[in-house]
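Visitor: Below are the structure tokens for one structure; questions will follow.
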Amino acid sequence: MSTTSRGDTFRRTDRTDAPLYLARYTERRSRPAPPEEPVEDQSVPLYLRRFRDRRDETPARVRSVPLEYEGERFAPEYAAVTRSHEIIPEERTLRDTYTTEIRIIRHGITQGYSTDAGLTPMGAWQAHQRGQALARTLREWPQMRIVCAPTNRARQTAEQIHRGLLDGLAQYGREAEVTEPEPVEELKNFQVWSPDGVRDITASFRKYQAEMEKLERMAVGDRPRWLVEIDRFYRTQLGGADPIQLWLTVPLMYFESPQACVRRFWTGFNRLIAESPGQRIIAATHSGPIRAFATWAHGYDPGEPVNTEEVVVRVKHGGRTATVSYRNRVTEVNIPQEDEIPRWDA
């Protein structure tokens, strides 16, 4: 076969058009620059930003229309997250007998108990989720007051609950009056006496640790009784046992007693009820007093509340009785009045 005839049998490989990758690149460069997107507010949670983006991109003809029921307007998303799979007849007369609701909530996961530390990112998320869940239960309580114990972990829990409430209201198309978190002295943790004064059990850890280290190094003298009791408390915790149960069941002379904490809580609640009638009160505080409060109400120790778990107190008309709910147990109690509470150490 000749060279000419052999050349005619091969396909032509020369091309005049640009490769596909280059053509696509040229096309992208020729497009007009897209408009600058507004900078997202990083303080708004990611799930809420994406929810708003989807809502804005949805055509008006298919966008969810606010529903109306008994004169109230709310988003269908709110109805979806609050529906129940059980057939439960509503009894408005029972709900109407309550004048105030108090939710005593334990703080979220903290960074540690050796100092007055704040919350971990997981603890902040827990508190935020608790606030968003409370936004779904606003029908009976459109006004809410948020209070907390005067510690960092309780304060940050109250702040995240407040933030979650506002985010939930925006997401579900609801409206409510929610106050800024405020510290309340009566909601503080149980106190411990030391030579430097009375302080929170967590705040006393450094004093306890310094004194124990000094006595062990010098190896002289007996330990004072207040140090013995604090050491017993912390060694119970380090051993994996339950130090709050020790506080509830063993008399500790240098610790504030469980009944004193319950008395202090009721003193604060009575004041808040008088100041905020007809409102829901959200109180972020500590597990020890919460557990003592639930034990007093139910007559037995129902166990340690987990982070952001709550005890619900509903005050009836007249302010003399209330129901206390904790872990599927509801007990009706008489509300201790200030002039009826005995003072054993007076």
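Please note that chains go A, B, ... in the order of the structure tokens, that every chain numbers its residues from 1, and that ligands are numbered from 1 in the order shown.
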Quick one: pick out all helix (DSSP H, G or I) residues within region 77-248 of chain A from a backbone DSSP run and write them as a PyMOL selection string.

Guide: chain A and resi 77-82+92-95+121-134+152-172+185-187+205-218+225-238+243-248

Visitor: Which residues are close to region 138-154 of chain A, i.e. within 7 Å by only C-alpha atoms, leaving aside same-chain residues fewer than 6 positions away? Reply as a PyMOL selection string.

Guide: chain A and resi 107+110+116-119+176-185+187-188+279-285

Visitor: List the spatial neighbours of Phe255 (chain A) as a ChimeraX atom specification - criterion: any atom at most 7 Å away, only C-alpha atoms, same-chain residues fewer than 6 positions off excluded.

Guide: /A:191-193

Visitor: Let me see the file: selected residues, N, CA, C and O atoms, as a short mmCIF file (atom, residue, chain, number, x, y, z; two decimals), in the first residue's frame.

Guide:
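For reference, part.cif as written:
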data_model
loop_
_atom_site.label_atom_id
_atom_site.label_comp_id
_atom_site.auth_asym_id
_atom_site.auth_seq_id
_atom_site.Cartn_x
_atom_site.Cartn_y
_atom_site.Cartn_z
N GLN A 191 -24.90 26.11 100.53
CA GLN A 191 -23.72 26.80 101.01
C GLN A 191 -22.93 25.95 102.01
O GLN A 191 -23.47 25.03 102.63
N VAL A 192 -21.64 26.28 102.16
CA VAL A 192 -20.73 25.58 103.07
C VAL A 192 -19.99 26.64 103.89
O VAL A 192 -19.56 27.66 103.36
N TRP A 193 -19.84 26.36 105.19
CA TRP A 193 -19.13 27.29 106.06
C TRP A 193 -17.63 26.95 106.06
O TRP A 193 -17.23 25.79 106.08
#

Visitor: What does the structure give for the distance between CA of Asn334 (chain A) and CA of Asn189 (chain A), in Å to one decimal?

Guide: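 The value is 23.4 Å.
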
Visitor: Give me the residues within 12 Å of Pro224 (chain A) as a PyMOL selection string, counting only C-alpha atoms and dropping any in the same chain fewer than 4 places off.

Guide: chain A and resi 193-195+208+211-212+215+228-231+254

Visitor: For Pro302 (chain A), which of A:Arg232, A:Arg329, A:Arg174, A:Arg320 is the closest residue, counting only C-alpha atoms?

Guide: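 With only C-alpha atoms as the atom set, the closest residue is A:Arg329.
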
Visitor: Smallest atom-to-atom distance to Ile341 (chain A): which of A:Asn328, A:Pro305, A:Gln259, A:Thr202, using only C-alpha atoms?

Guide: A:Gln259

Visitor: Considering only C-alpha atoms, return as a list in words whatever protein or nucleic-acid residues lie within 8 Å of region 308-317 of chain A, sequence-local ones (same chain, fewer than 6 positions apart) excluded.

Guide: Thr97, Tyr98, Thr99, Thr100, Glu101, Ile102, Arg103, Ile104, Ile105, Arg106, His107, Gly108, Gln126, Ala127, Arg130, Ile290, Ala294, Thr323, Val324, Ser325 and Tyr326 of chain A

Visitor: As an exercise, work out the distance from CA of Phe293 (chain A) to CA of Met122 (chain A) in Å and give it to one decimal place.

Guide: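 Between CA of Phe293 (chain A) and CA of Met122 (chain A) the gap is 26.3 Å.
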
Visitor: What does the distance between CA of Gly318 (chain A) and CA of Pro289 (chain A) come to in Å, to one decimal place?

Guide: 25.6 Å

Visitor: Using only C-alpha atoms, determine which residues lie at most 10 Å from region 39-53 of chain A, disregarding the query and same-chain residues fewer than 5 positions distant; provide the list as a PyMOL selection string.

Guide: chain A and resi 58+128+163-164+167-168+170-171

Visitor: Write a file of the just-selected residues containing N, CA, C and O atoms, as an mmCIF file, in the first residue's frame.

Guide:
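Result file selection.cif:
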data_model
loop_
_atom_site.group_PDB
_atom_site.id
_atom_site.type_symbol
_atom_site.label_atom_id
_atom_site.label_comp_id
_atom_site.auth_asym_id
_atom_site.auth_seq_id
_atom_site.Cartn_x
_atom_site.Cartn_y
_atom_site.Cartn_z
ATOM 1 N N THR A 58 -39.051 29.821 48.909
ATOM 2 C CA THR A 58 -40.289 29.138 48.564
ATOM 3 C C THR A 58 -41.246 30.110 47.879
ATOM 4 O O THR A 58 -41.472 31.207 48.386
ATOM 5 N N HIS A 128 -30.001 25.939 74.952
ATOM 6 C CA HIS A 128 -30.680 26.535 73.807
ATOM 7 C C HIS A 128 -31.837 25.653 73.346
ATOM 8 O O HIS A 128 -32.929 26.159 73.033
ATOM 9 N N ARG A 163 -32.223 32.870 74.617
ATOM 10 C CA ARG A 163 -31.928 32.923 73.190
ATOM 11 C C ARG A 163 -32.707 31.860 72.415
ATOM 12 O O ARG A 163 -33.235 32.133 71.327
ATOM 13 N N GLY A 164 -32.791 30.656 72.971
ATOM 14 C CA GLY A 164 -33.565 29.609 72.316
ATOM 15 C C GLY A 164 -35.045 29.939 72.239
ATOM 16 O O GLY A 164 -35.716 29.611 71.256
ATOM 17 N N ASP A 167 -35.453 32.445 69.391
ATOM 18 C CA ASP A 167 -35.298 31.765 68.099
ATOM 19 C C ASP A 167 -36.531 30.906 67.791
ATOM 20 O O ASP A 167 -36.990 30.859 66.646
ATOM 21 N N GLY A 168 -37.055 30.222 68.814
ATOM 22 C CA GLY A 168 -38.245 29.411 68.602
ATOM 23 C C GLY A 168 -39.453 30.253 68.245
ATOM 24 O O GLY A 168 -40.266 29.873 67.387
ATOM 25 N N ALA A 170 -39.406 33.096 66.670
ATOM 26 C CA ALA A 170 -39.234 33.536 65.291
ATOM 27 C C ALA A 170 -39.500 32.405 64.308
ATOM 28 O O ALA A 170 -40.081 32.612 63.238
ATOM 29 N N GLN A 171 -39.109 31.191 64.659
ATOM 30 C CA GLN A 171 -39.278 30.057 63.753
ATOM 31 C C GLN A 171 -40.730 29.639 63.644
ATOM 32 O O GLN A 171 -41.203 29.295 62.552
#

Visitor: DSSP says strand (DSSP E) for which residues of region 151-316 of chain A? Put them as a PyMOL selection string?

Guide: chain A and resi 177-178+182-183+191-194+197-200+280-285+310-316

Visitor: A:Gln132, A:Ser287, A:Thr157, A:Thr137: which is nearest Pro243 (chain A), counting only C-alpha atoms?

Guide: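 Among the listed residues, the smallest separation from Pro243 (chain A) belongs to A:Ser287.
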